[in-house]
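Colleague: Next up is a structure, given as structure tokens.
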Amino acid sequence: MVTLHVVGREDAGAFAADRILSRAAVGTLSALGVATGSSAEPVYAALAPHPDAGRLLAGTTAYALDEYVGLGPDHPDSYRATLTRQYVAPLGLDPARLRTPDGAAADPDAEAARYEAELRARGGVDLQLLGIGANGHIGFNEPGADLAGGAHVVTLAERTRRDNARFFARPDLVPHRALTQGIGTILRATEIVLLAFGEAKADALARALEGPRTAAVPASVLPGHPAVTVLADAAAASRLTRVGAA
Ligand code: GLP
């Protein structure tokens, strides 16, 4: 079931941060699924200055959705380094509380299997933050993905490499492969909060929330999950017709 809130970026960040901290405060957030990319940034920006966030999240383990193959934890463009800068360091958290697949692993397939086993042993995260790719991807599950799969290695769609080139010094430095939680992994989260901002996400969001469940739009699995909150700005929500705004 999807609940939609049409809100600006900053309010969306505050809303998600509040949800995270409220759950941490009542002891129902032992595992938090963290996303990288610009959509999740307002959430970390809202958590960072919060006076209680570091204390409340000190006992929560964060699990990354994905990581680039070839970028080790010390590479500044790795998702581990990004989440360390945006989430772990500002809150003064123990770096061991951030779990990520190792992009520099010698055998990426084995590393994906290891990460899936780790998440499975955990039983799924309590709250998963998600962005959505302009092509409907979640994590790095590109169109055509197995809608029930576990963590695995993917070849990135050219559209995704182009979209993410802004985070790299040069477009050709964007890796071609990534490790990602599978859609099955993501759907084990008890609660999902999806953030989407800007016109570039409007089509993907409409197809995800109002179109048929299809591997062509990996995010189209979300309406089948029991507890999804979508925080979208007016531009990203502009092509939604059936899902009423709350
Ligand atoms: C990226 C990431 C996703 C992210 C999505 C949206 O490629 N792998 O985890 O949620 O695509 O990115 P952004 O929020 O920067 O638009």
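Residues in the structure tokens are named by chain (A, B, ... in the order shown) and by number from 1 within that chain; ligands are numbered from 1 in the order shown.
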List the neighbours of Pro218 (chain A) out to 7 Å using only C-alpha atoms; skip same-chain residues closer than 6 positions along the sequence, and give me the result as an NGL selection string.

Modeller: :A and (136-138 or 141-143 or 145 or 147)

Colleague: Could you pull out the residues sitting within 8 Å of ligand 1, using only C-alpha atoms and all ligand atoms, and write them as a VMD selection string?

Modeller: chain A and resid 35 to 41 65 to 67 130 to 134 137 to 140 160 to 161 163 to 164 180 195 to 197 201

Colleague: Which polymer residues have any atom within 6 Å of an atom of Gly150 (chain A), counting only C-alpha atoms, with same-chain residues fewer than 2 positions away left out, as a list in words?

Modeller: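 Using only C-alpha atoms, the neighbours found are Gly182, Gly184 and Thr185 of chain A.
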
Colleague: Go ahead and dump the residues you just picked, C-alpha atoms, as a PDB file, in the first residue's frame.

Modeller:
ATOM      1  CA  GLY A 182      17.864  -7.283  -5.166  1.00  0.00           C
ATOM      2  CA  GLY A 184      13.443  -9.326  -3.118  1.00  0.00           C
ATOM      3  CA  THR A 185      15.944  -7.973  -0.587  1.00  0.00           C
TER       4      THR A 185
END

Colleague: What's the 12 Å shell around Leu4 (chain A), counting only C-alpha atoms, without same-chain residues fewer than 5 positions away, as a list of chain:residue names?

Modeller: A:Ala12, A:Ile192, A:Val193, A:Leu194, A:Leu195, A:Ala196, A:Leu205, A:Ala206, A:Leu209, A:Pro223, A:Ala227, A:Val228, A:Thr229, A:Val230, A:Leu231, A:Ala232, A:Asp233, A:Ala234, A:Ala236, A:Ala237, A:Leu240, A:Thr241, A:Arg242, A:Val243, A:Gly244, A:Ala245, A:Ala246

Colleague: As an mmCIF file with N, CA, C and O atoms, in the first residue's frame, please: every residue in region 5-197 of chain A that DSSP puts in strand (DSSP E).

Modeller:
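So the final result, stored in result20.cif, reads:
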data_model
loop_
_atom_site.group_PDB
_atom_site.id
_atom_site.type_symbol
_atom_site.label_atom_id
_atom_site.label_comp_id
_atom_site.auth_asym_id
_atom_site.auth_seq_id
_atom_site.Cartn_x
_atom_site.Cartn_y
_atom_site.Cartn_z
ATOM 1 N N HIS A 5 2.726 11.722 -0.169
ATOM 2 C CA HIS A 5 2.722 13.099 0.338
ATOM 3 C C HIS A 5 3.429 13.960 -0.702
ATOM 4 O O HIS A 5 4.576 13.661 -1.055
ATOM 5 N N VAL A 6 2.773 14.974 -1.182
ATOM 6 C CA VAL A 6 3.417 15.889 -2.123
ATOM 7 C C VAL A 6 4.010 17.033 -1.307
ATOM 8 O O VAL A 6 3.282 17.827 -0.711
ATOM 9 N N ALA A 31 17.720 -1.778 12.237
ATOM 10 C CA ALA A 31 18.373 -1.765 10.926
ATOM 11 C C ALA A 31 17.700 -0.737 10.015
ATOM 12 O O ALA A 31 16.481 -0.773 9.821
ATOM 13 N N LEU A 32 18.504 0.171 9.473
ATOM 14 C CA LEU A 32 18.017 1.226 8.579
ATOM 15 C C LEU A 32 18.637 1.023 7.202
ATOM 16 O O LEU A 32 19.857 0.899 7.087
ATOM 17 N N GLY A 33 17.828 0.980 6.175
ATOM 18 C CA GLY A 33 18.340 0.869 4.809
ATOM 19 C C GLY A 33 18.608 2.257 4.265
ATOM 20 O O GLY A 33 17.702 3.099 4.228
ATOM 21 N N VAL A 34 19.859 2.536 3.894
ATOM 22 C CA VAL A 34 20.211 3.878 3.434
ATOM 23 C C VAL A 34 20.471 3.883 1.925
ATOM 24 O O VAL A 34 21.027 2.934 1.378
ATOM 25 N N THR A 61 22.034 -0.161 12.920
ATOM 26 C CA THR A 61 22.976 -0.514 11.865
ATOM 27 C C THR A 61 22.375 -0.102 10.530
ATOM 28 O O THR A 61 21.214 -0.421 10.246
ATOM 29 N N ALA A 62 23.159 0.636 9.726
ATOM 30 C CA ALA A 62 22.691 1.088 8.412
ATOM 31 C C ALA A 62 23.233 0.147 7.337
ATOM 32 O O ALA A 62 24.398 -0.253 7.381
ATOM 33 N N TYR A 63 22.381 -0.185 6.397
ATOM 34 C CA TYR A 63 22.761 -1.061 5.287
ATOM 35 C C TYR A 63 22.592 -0.311 3.974
ATOM 36 O O TYR A 63 21.487 0.168 3.683
ATOM 37 N N ALA A 64 23.667 -0.224 3.188
ATOM 38 C CA ALA A 64 23.570 0.460 1.896
ATOM 39 C C ALA A 64 22.810 -0.407 0.895
ATOM 40 O O ALA A 64 22.840 -1.641 0.968
ATOM 41 N N ASP A 66 23.423 -0.266 -2.394
ATOM 42 C CA ASP A 66 24.229 -0.623 -3.557
ATOM 43 C C ASP A 66 25.624 -0.024 -3.460
ATOM 44 O O ASP A 66 25.909 0.779 -2.572
ATOM 45 N N GLU A 67 26.484 -0.437 -4.352
ATOM 46 C CA GLU A 67 27.871 0.063 -4.407
ATOM 47 C C GLU A 67 28.409 -0.186 -5.817
ATOM 48 O O GLU A 67 28.020 -1.140 -6.489
ATOM 49 N N TYR A 68 29.283 0.696 -6.257
ATOM 50 C CA TYR A 68 29.899 0.501 -7.569
ATOM 51 C C TYR A 68 30.970 -0.583 -7.508
ATOM 52 O O TYR A 68 31.802 -0.583 -6.585
ATOM 53 N N LEU A 98 27.851 1.127 9.673
ATOM 54 C CA LEU A 98 27.478 1.234 8.257
ATOM 55 C C LEU A 98 27.957 -0.012 7.536
ATOM 56 O O LEU A 98 29.149 -0.297 7.506
ATOM 57 N N ARG A 99 27.029 -0.750 6.995
ATOM 58 C CA ARG A 99 27.372 -1.968 6.265
ATOM 59 C C ARG A 99 27.159 -1.711 4.773
ATOM 60 O O ARG A 99 26.112 -1.173 4.380
ATOM 61 N N LEU A 127 13.417 -0.016 8.183
ATOM 62 C CA LEU A 127 12.948 1.088 7.339
ATOM 63 C C LEU A 127 13.954 1.256 6.210
ATOM 64 O O LEU A 127 15.163 1.323 6.468
ATOM 65 N N GLN A 128 13.476 1.287 4.989
ATOM 66 C CA GLN A 128 14.353 1.429 3.832
ATOM 67 C C GLN A 128 14.105 2.763 3.141
ATOM 68 O O GLN A 128 12.979 3.043 2.709
ATOM 69 N N LEU A 129 15.147 3.589 3.022
ATOM 70 C CA LEU A 129 15.060 4.796 2.200
ATOM 71 C C LEU A 129 15.341 4.403 0.763
ATOM 72 O O LEU A 129 16.269 3.633 0.497
ATOM 73 N N LEU A 130 14.574 4.945 -0.154
ATOM 74 C CA LEU A 130 14.764 4.615 -1.569
ATOM 75 C C LEU A 130 14.671 5.863 -2.425
ATOM 76 O O LEU A 130 13.854 6.753 -2.140
ATOM 77 N N HIS A 152 22.941 -8.882 -6.020
ATOM 78 C CA HIS A 152 23.625 -9.419 -7.187
ATOM 79 C C HIS A 152 24.438 -8.316 -7.869
ATOM 80 O O HIS A 152 24.336 -7.142 -7.509
ATOM 81 N N VAL A 153 25.211 -8.728 -8.869
ATOM 82 C CA VAL A 153 26.007 -7.783 -9.650
ATOM 83 C C VAL A 153 25.202 -7.399 -10.881
ATOM 84 O O VAL A 153 24.590 -8.265 -11.514
ATOM 85 N N VAL A 154 25.173 -6.122 -11.207
ATOM 86 C CA VAL A 154 24.430 -5.674 -12.387
ATOM 87 C C VAL A 154 25.332 -4.878 -13.315
ATOM 88 O O VAL A 154 26.300 -4.248 -12.885
ATOM 89 N N THR A 155 24.967 -4.883 -14.580
ATOM 90 C CA THR A 155 25.572 -3.976 -15.550
ATOM 91 C C THR A 155 24.654 -2.770 -15.622
ATOM 92 O O THR A 155 23.440 -2.911 -15.784
ATOM 93 N N ARG A 177 29.607 -1.430 -13.744
ATOM 94 C CA ARG A 177 28.886 -2.456 -12.980
ATOM 95 C C ARG A 177 28.686 -2.015 -11.538
ATOM 96 O O ARG A 177 29.409 -1.152 -11.031
ATOM 97 N N ALA A 178 27.726 -2.622 -10.897
ATOM 98 C CA ALA A 178 27.468 -2.310 -9.488
ATOM 99 C C ALA A 178 26.990 -3.564 -8.773
ATOM 100 O O ALA A 178 26.534 -4.528 -9.397
ATOM 101 N N LEU A 179 27.131 -3.527 -7.448
ATOM 102 C CA LEU A 179 26.533 -4.541 -6.573
ATOM 103 C C LEU A 179 25.266 -3.905 -6.029
ATOM 104 O O LEU A 179 25.285 -2.747 -5.601
ATOM 105 N N THR A 180 24.164 -4.616 -6.055
ATOM 106 C CA THR A 180 22.939 -4.025 -5.526
ATOM 107 C C THR A 180 22.127 -5.039 -4.739
ATOM 108 O O THR A 180 22.153 -6.234 -5.036
ATOM 109 N N GLU A 191 9.173 -1.332 6.282
ATOM 110 C CA GLU A 191 8.614 -0.050 5.857
ATOM 111 C C GLU A 191 9.559 0.563 4.829
ATOM 112 O O GLU A 191 10.774 0.464 4.975
ATOM 113 N N ILE A 192 8.994 1.174 3.802
ATOM 114 C CA ILE A 192 9.811 1.793 2.750
ATOM 115 C C ILE A 192 9.412 3.260 2.611
ATOM 116 O O ILE A 192 8.223 3.592 2.604
ATOM 117 N N VAL A 193 10.406 4.138 2.518
ATOM 118 C CA VAL A 193 10.145 5.560 2.259
ATOM 119 C C VAL A 193 10.864 5.921 0.969
ATOM 120 O O VAL A 193 12.098 5.887 0.898
ATOM 121 N N LEU A 194 10.098 6.216 -0.072
ATOM 122 C CA LEU A 194 10.654 6.554 -1.383
ATOM 123 C C LEU A 194 10.613 8.064 -1.573
ATOM 124 O O LEU A 194 9.582 8.693 -1.336
ATOM 125 N N LEU A 195 11.740 8.614 -2.006
ATOM 126 C CA LEU A 195 11.805 10.065 -2.255
ATOM 127 C C LEU A 195 12.017 10.309 -3.746
ATOM 128 O O LEU A 195 12.820 9.611 -4.377
ATOM 129 N N ALA A 196 11.284 11.273 -4.292
ATOM 130 C CA ALA A 196 11.429 11.578 -5.722
ATOM 131 C C ALA A 196 11.193 13.064 -5.937
ATOM 132 O O ALA A 196 10.174 13.601 -5.501
#

Colleague: List as number ranges by chain the protein and nucleic acid residues near region 89-97 of chain A, meaning an atom at most 9 Å away when only C-alpha atoms are counted, but skip any in the same chain fewer than 6 places from it.

Modeller: A: 44, 47-50, 53-55, 57-63, 83

Colleague: For the selection you just gave me, I'd like the residues written to a file as a compact mmCIF listing (two decimals), in the first residue's frame, keeping all heavy atoms.

Modeller:
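Here's the written file result-v6.txt:
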# COMPACT_ATOMS: atom_id res chain seq x y z
N TYR A 44 19.49 13.14 5.06
CA TYR A 44 20.73 13.24 5.84
C TYR A 44 20.96 14.68 6.29
O TYR A 44 21.46 14.93 7.39
CB TYR A 44 21.93 12.71 5.04
CG TYR A 44 21.67 11.32 4.49
CD1 TYR A 44 21.88 11.01 3.15
CD2 TYR A 44 21.18 10.32 5.33
CE1 TYR A 44 21.62 9.74 2.65
CE2 TYR A 44 20.90 9.05 4.84
CZ TYR A 44 21.12 8.77 3.50
OH TYR A 44 20.85 7.51 3.01
N LEU A 47 18.87 15.13 9.31
CA LEU A 47 19.37 14.40 10.48
C LEU A 47 20.59 15.09 11.09
O LEU A 47 20.71 15.16 12.32
CB LEU A 47 19.75 12.96 10.10
CG LEU A 47 18.60 11.99 9.79
CD1 LEU A 47 19.18 10.66 9.27
CD2 LEU A 47 17.73 11.74 11.02
N ALA A 48 21.49 15.56 10.23
CA ALA A 48 22.81 16.05 10.70
C ALA A 48 22.72 17.08 11.83
O ALA A 48 23.42 16.94 12.83
CB ALA A 48 23.62 16.58 9.52
N PRO A 49 21.87 18.12 11.68
CA PRO A 49 21.87 19.14 12.76
C PRO A 49 20.96 18.78 13.93
O PRO A 49 20.90 19.52 14.91
CB PRO A 49 21.33 20.39 12.05
CG PRO A 49 20.49 19.86 10.93
CD PRO A 49 21.02 18.51 10.57
N HIS A 50 20.26 17.65 13.84
CA HIS A 50 19.31 17.31 14.90
C HIS A 50 20.06 16.95 16.18
O HIS A 50 20.92 16.08 16.18
CB HIS A 50 18.43 16.14 14.46
CG HIS A 50 17.24 15.93 15.33
ND1 HIS A 50 17.33 15.44 16.60
CD2 HIS A 50 15.94 16.20 15.13
CE1 HIS A 50 16.14 15.39 17.15
NE2 HIS A 50 15.26 15.86 16.27
N ALA A 53 19.95 13.10 17.07
CA ALA A 53 20.06 12.06 16.03
C ALA A 53 21.23 11.11 16.31
O ALA A 53 21.07 9.88 16.19
CB ALA A 53 20.18 12.71 14.66
N GLY A 54 22.39 11.66 16.66
CA GLY A 54 23.55 10.80 16.90
C GLY A 54 23.30 9.81 18.01
O GLY A 54 23.62 8.62 17.89
N ARG A 55 22.70 10.29 19.08
CA ARG A 55 22.43 9.41 20.22
C ARG A 55 21.38 8.36 19.85
O ARG A 55 21.54 7.17 20.12
CB ARG A 55 21.93 10.26 21.40
CG ARG A 55 21.54 9.47 22.63
CD ARG A 55 21.04 10.37 23.76
NE ARG A 55 19.91 11.23 23.40
CZ ARG A 55 18.64 10.82 23.38
NH1 ARG A 55 18.34 9.57 23.68
NH2 ARG A 55 17.66 11.65 23.06
N LEU A 57 20.54 7.17 16.94
CA LEU A 57 20.92 6.23 15.88
C LEU A 57 22.20 5.45 16.19
O LEU A 57 22.63 4.63 15.39
CB LEU A 57 21.04 6.96 14.54
CG LEU A 57 19.70 7.47 14.01
CD1 LEU A 57 19.89 8.42 12.83
CD2 LEU A 57 18.79 6.31 13.61
N ALA A 58 22.78 5.70 17.36
CA ALA A 58 24.05 5.04 17.71
C ALA A 58 23.92 3.52 17.73
O ALA A 58 24.86 2.79 17.43
CB ALA A 58 24.55 5.55 19.06
N GLY A 59 22.74 3.01 18.04
CA GLY A 59 22.55 1.56 18.12
C GLY A 59 21.91 0.97 16.88
O GLY A 59 21.57 -0.22 16.85
N THR A 60 21.71 1.79 15.85
CA THR A 60 21.08 1.31 14.60
C THR A 60 22.18 0.96 13.60
O THR A 60 23.15 1.70 13.45
CB THR A 60 20.19 2.44 14.00
OG1 THR A 60 19.09 2.67 14.89
CG2 THR A 60 19.66 2.06 12.63
N THR A 61 22.03 -0.16 12.92
CA THR A 61 22.98 -0.51 11.86
C THR A 61 22.37 -0.10 10.53
O THR A 61 21.21 -0.42 10.25
CB THR A 61 23.27 -2.02 11.86
OG1 THR A 61 23.76 -2.38 13.17
CG2 THR A 61 24.33 -2.38 10.83
N ALA A 62 23.16 0.64 9.73
CA ALA A 62 22.69 1.09 8.41
C ALA A 62 23.23 0.15 7.34
O ALA A 62 24.40 -0.25 7.38
CB ALA A 62 23.15 2.52 8.16
N TYR A 63 22.38 -0.18 6.40
CA TYR A 63 22.76 -1.06 5.29
C TYR A 63 22.59 -0.31 3.97
O TYR A 63 21.49 0.17 3.68
CB TYR A 63 21.88 -2.31 5.27
CG TYR A 63 22.17 -3.23 6.43
CD1 TYR A 63 21.50 -3.09 7.64
CD2 TYR A 63 23.14 -4.22 6.31
CE1 TYR A 63 21.79 -3.91 8.71
CE2 TYR A 63 23.43 -5.05 7.39
CZ TYR A 63 22.75 -4.89 8.57
OH TYR A 63 23.05 -5.70 9.64
N LEU A 83 28.22 7.80 1.93
CA LEU A 83 27.37 7.63 3.12
C LEU A 83 28.13 7.97 4.40
O LEU A 83 27.54 8.42 5.38
CB LEU A 83 26.82 6.20 3.17
CG LEU A 83 25.73 5.91 2.13
CD1 LEU A 83 25.50 4.42 1.98
CD2 LEU A 83 24.43 6.63 2.50

Colleague: Kindly give the distance, in Å, that separates CA of Asp52 (chain A) and CA of Ala25 (chain A), rounded to a single decimal.

Modeller: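 Result for CA of Asp52 (chain A) versus CA of Ala25 (chain A): 9.5 Å, one decimal.
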
Colleague: Compare A:Asp77, A:Asp126, A:Asp11, A:Asp18 by their minimum atom-to-atom distance to Arg166 (chain A), counting only C-alpha atoms, and give me the closest one.

Modeller: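 Closest to Arg166 (chain A) of all the choices is A:Asp77.
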
Colleague: Would you please give, as a ChimeraX atom specification, all residues of region 2-208 of chain A that DSSP assigns to helix (DSSP H, G or I) based on the backbone?

Modeller: /A:9-25,38-47,53-57,79-91,95-97,108-122,158-167,171-173,183-187,199-208

Colleague: What separation in Å, quoted to one decimal, exists between CA of Arg9 (chain A) and CA of Glu158 (chain A)?

Modeller: 26.7 Å

Colleague: In Å, with one decimal, what is the gap from CA of Thr214 (chain A) to CA of Val43 (chain A)?

Modeller: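 These atoms are spaced 28.8 Å apart.
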
Colleague: Can you tell me which residues surround Ala235 (chain A) at a distance of at most 7 Å, considering only C-alpha atoms, apart from same-chain residues fewer than 6 positions away, and format the answer as a list in words?

Modeller: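 The residues that qualify are Phe197, Gly198, Glu199 and Ala202 of chain A.
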
Colleague: Quick one: write out the picked residues with N, CA, C and O atoms as a PDB file, in the first residue's frame?

Modeller:
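So result.pdb came out as:
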ATOM      1  N   PHE A 197      12.141  13.694  -6.594  1.00  0.00           N
ATOM      2  CA  PHE A 197      12.041  15.139  -6.812  1.00  0.00           C
ATOM      3  C   PHE A 197      12.357  15.474  -8.271  1.00  0.00           C
ATOM      4  O   PHE A 197      13.287  14.925  -8.845  1.00  0.00           O
ATOM      5  N   GLY A 198      11.592  16.399  -8.806  1.00  0.00           N
ATOM      6  CA  GLY A 198      11.907  16.932 -10.131  1.00  0.00           C
ATOM      7  C   GLY A 198      11.166  16.230 -11.252  1.00  0.00           C
ATOM      8  O   GLY A 198      10.794  15.057 -11.161  1.00  0.00           O
ATOM      9  N   GLU A 199      10.984  16.983 -12.315  1.00  0.00           N
ATOM     10  CA  GLU A 199      10.256  16.539 -13.510  1.00  0.00           C
ATOM     11  C   GLU A 199      10.866  15.246 -14.103  1.00  0.00           C
ATOM     12  O   GLU A 199      10.139  14.393 -14.623  1.00  0.00           O
ATOM     13  N   ALA A 202       9.070  12.191 -12.974  1.00  0.00           N
ATOM     14  CA  ALA A 202       7.609  12.138 -13.058  1.00  0.00           C
ATOM     15  C   ALA A 202       7.110  10.891 -13.800  1.00  0.00           C
ATOM     16  O   ALA A 202       6.185  10.204 -13.341  1.00  0.00           O
TER      17      ALA A 202
END

Colleague: Extract, using only C-alpha atoms, all DNA, RNA and protein residues at most 12 Å from Arg120 (chain A), discarding same-chain residues fewer than 2 positions from it, and format them as a ChimeraX atom specification.

Modeller: /A:31,63,113-118,122-125,150-151,181-182,184-189

Colleague: How would the residues just chosen look if you wrote them out with all heavy atoms as a short mmCIF file (atom, residue, chain, number, x, y, z; two decimals), in the first residue's frame?

Modeller:
data_model
loop_
_atom_site.label_atom_id
_atom_site.label_comp_id
_atom_site.auth_asym_id
_atom_site.auth_seq_id
_atom_site.Cartn_x
_atom_site.Cartn_y
_atom_site.Cartn_z
N ALA A 31 17.72 -1.78 12.24
CA ALA A 31 18.37 -1.76 10.93
C ALA A 31 17.70 -0.74 10.01
O ALA A 31 16.48 -0.77 9.82
CB ALA A 31 18.31 -3.14 10.29
N TYR A 63 22.38 -0.18 6.40
CA TYR A 63 22.76 -1.06 5.29
C TYR A 63 22.59 -0.31 3.97
O TYR A 63 21.49 0.17 3.68
CB TYR A 63 21.88 -2.31 5.27
CG TYR A 63 22.17 -3.23 6.43
CD1 TYR A 63 21.50 -3.09 7.64
CD2 TYR A 63 23.14 -4.22 6.31
CE1 TYR A 63 21.79 -3.91 8.71
CE2 TYR A 63 23.43 -5.05 7.39
CZ TYR A 63 22.75 -4.89 8.57
OH TYR A 63 23.05 -5.70 9.64
N ALA A 113 26.63 -12.31 -2.81
CA ALA A 113 26.02 -13.42 -2.06
C ALA A 113 26.27 -13.24 -0.56
O ALA A 113 25.39 -13.49 0.27
CB ALA A 113 26.59 -14.76 -2.54
N ARG A 114 27.48 -12.79 -0.21
CA ARG A 114 27.80 -12.55 1.20
C ARG A 114 26.88 -11.47 1.78
O ARG A 114 26.34 -11.59 2.88
CB ARG A 114 29.27 -12.11 1.35
CG ARG A 114 29.72 -11.93 2.79
CD ARG A 114 30.88 -10.96 2.97
NE ARG A 114 30.60 -9.60 2.57
CZ ARG A 114 29.83 -8.74 3.26
NH1 ARG A 114 29.26 -9.11 4.38
NH2 ARG A 114 29.63 -7.51 2.80
N TYR A 115 26.69 -10.39 1.01
CA TYR A 115 25.86 -9.28 1.48
C TYR A 115 24.40 -9.72 1.64
O TYR A 115 23.74 -9.38 2.62
CB TYR A 115 25.98 -8.10 0.51
CG TYR A 115 25.50 -6.78 1.08
CD1 TYR A 115 25.98 -6.31 2.31
CD2 TYR A 115 24.59 -5.99 0.40
CE1 TYR A 115 25.55 -5.10 2.83
CE2 TYR A 115 24.16 -4.77 0.91
CZ TYR A 115 24.64 -4.33 2.12
OH TYR A 115 24.21 -3.12 2.64
N GLU A 116 23.93 -10.49 0.69
CA GLU A 116 22.55 -11.00 0.78
C GLU A 116 22.39 -11.87 2.03
O GLU A 116 21.39 -11.76 2.76
CB GLU A 116 22.20 -11.80 -0.48
CG GLU A 116 20.81 -12.42 -0.47
CD GLU A 116 19.66 -11.41 -0.56
OE1 GLU A 116 19.92 -10.24 -0.94
OE2 GLU A 116 18.52 -11.78 -0.21
N ALA A 117 23.39 -12.72 2.29
CA ALA A 117 23.31 -13.60 3.47
C ALA A 117 23.30 -12.77 4.75
O ALA A 117 22.56 -13.06 5.70
CB ALA A 117 24.50 -14.57 3.46
N GLU A 118 24.10 -11.70 4.75
CA GLU A 118 24.14 -10.83 5.93
C GLU A 118 22.76 -10.19 6.16
O GLU A 118 22.25 -10.14 7.28
CB GLU A 118 25.22 -9.76 5.74
CG GLU A 118 25.33 -8.82 6.93
CD GLU A 118 26.43 -7.77 6.77
OE1 GLU A 118 27.33 -7.93 5.90
OE2 GLU A 118 26.40 -6.79 7.53
N ARG A 122 19.67 -10.88 9.09
CA ARG A 122 19.07 -9.76 9.80
C ARG A 122 17.53 -9.81 9.71
O ARG A 122 16.83 -9.18 10.50
CB ARG A 122 19.59 -8.50 9.11
CG ARG A 122 19.23 -7.23 9.74
CD ARG A 122 20.38 -6.75 10.58
NE ARG A 122 19.83 -6.17 11.77
CZ ARG A 122 20.52 -5.58 12.72
NH1 ARG A 122 21.83 -5.54 12.64
NH2 ARG A 122 19.95 -5.09 13.76
N GLY A 123 17.04 -10.48 8.66
CA GLY A 123 15.59 -10.57 8.48
C GLY A 123 14.98 -9.37 7.79
O GLY A 123 13.78 -9.14 7.88
N GLY A 124 15.79 -8.59 7.10
CA GLY A 124 15.27 -7.39 6.43
C GLY A 124 15.40 -6.18 7.32
O GLY A 124 15.40 -6.29 8.54
N VAL A 125 15.52 -5.02 6.71
CA VAL A 125 15.69 -3.79 7.50
C VAL A 125 14.34 -3.32 8.01
O VAL A 125 13.28 -3.71 7.51
CB VAL A 125 16.39 -2.68 6.70
CG1 VAL A 125 17.78 -3.11 6.26
CG2 VAL A 125 15.55 -2.24 5.51
N GLY A 150 17.73 -11.66 -5.01
CA GLY A 150 18.58 -11.20 -3.92
C GLY A 150 19.68 -10.28 -4.44
O GLY A 150 19.69 -9.91 -5.62
N ALA A 151 20.62 -9.92 -3.56
CA ALA A 151 21.72 -9.04 -3.96
C ALA A 151 22.52 -9.69 -5.08
O ALA A 151 22.73 -10.91 -5.09
CB ALA A 151 22.62 -8.77 -2.75
N GLN A 181 21.44 -4.55 -3.72
CA GLN A 181 20.41 -5.39 -3.11
C GLN A 181 19.42 -5.73 -4.22
O GLN A 181 19.13 -4.90 -5.08
CB GLN A 181 19.66 -4.63 -2.02
CG GLN A 181 20.44 -4.39 -0.76
CD GLN A 181 19.56 -3.84 0.36
OE1 GLN A 181 18.36 -4.08 0.41
NE2 GLN A 181 20.16 -3.10 1.26
N GLY A 182 18.88 -6.92 -4.19
CA GLY A 182 17.86 -7.28 -5.17
C GLY A 182 16.51 -6.70 -4.77
O GLY A 182 16.34 -6.15 -3.67
N GLY A 184 13.91 -8.48 -4.22
CA GLY A 184 13.44 -9.33 -3.12
C GLY A 184 14.02 -8.87 -1.78
O GLY A 184 13.33 -8.87 -0.76
N THR A 185 15.30 -8.47 -1.82
CA THR A 185 15.94 -7.97 -0.59
C THR A 185 15.23 -6.71 -0.11
O THR A 185 14.89 -6.57 1.07
CB THR A 185 17.42 -7.59 -0.86
OG1 THR A 185 17.98 -8.44 -1.84
CG2 THR A 185 18.24 -7.62 0.40
N ILE A 186 15.02 -5.80 -1.04
CA ILE A 186 14.41 -4.50 -0.70
C ILE A 186 13.00 -4.70 -0.14
O ILE A 186 12.61 -4.06 0.84
CB ILE A 186 14.38 -3.58 -1.95
CG1 ILE A 186 15.80 -3.20 -2.36
CG2 ILE A 186 13.51 -2.34 -1.71
CD1 ILE A 186 15.92 -2.52 -3.72
N LEU A 187 12.26 -5.63 -0.73
CA LEU A 187 10.87 -5.82 -0.31
C LEU A 187 10.74 -6.46 1.06
O LEU A 187 9.66 -6.47 1.65
CB LEU A 187 10.10 -6.65 -1.36
CG LEU A 187 9.86 -5.94 -2.69
CD1 LEU A 187 9.16 -6.88 -3.67
CD2 LEU A 187 9.04 -4.66 -2.51
N ARG A 188 11.84 -7.00 1.60
CA ARG A 188 11.77 -7.56 2.97
C ARG A 188 11.74 -6.47 4.04
O ARG A 188 11.49 -6.75 5.21
CB ARG A 188 12.96 -8.49 3.23
CG ARG A 188 12.84 -9.86 2.57
CD ARG A 188 13.72 -10.91 3.26
NE ARG A 188 15.13 -10.56 3.24
CZ ARG A 188 15.98 -10.87 2.26
NH1 ARG A 188 15.55 -11.55 1.21
NH2 ARG A 188 17.25 -10.54 2.33
N ALA A 189 12.02 -5.22 3.64
CA ALA A 189 11.96 -4.12 4.62
C ALA A 189 10.54 -4.02 5.16
O ALA A 189 9.57 -4.19 4.43
CB ALA A 189 12.35 -2.80 3.95
#
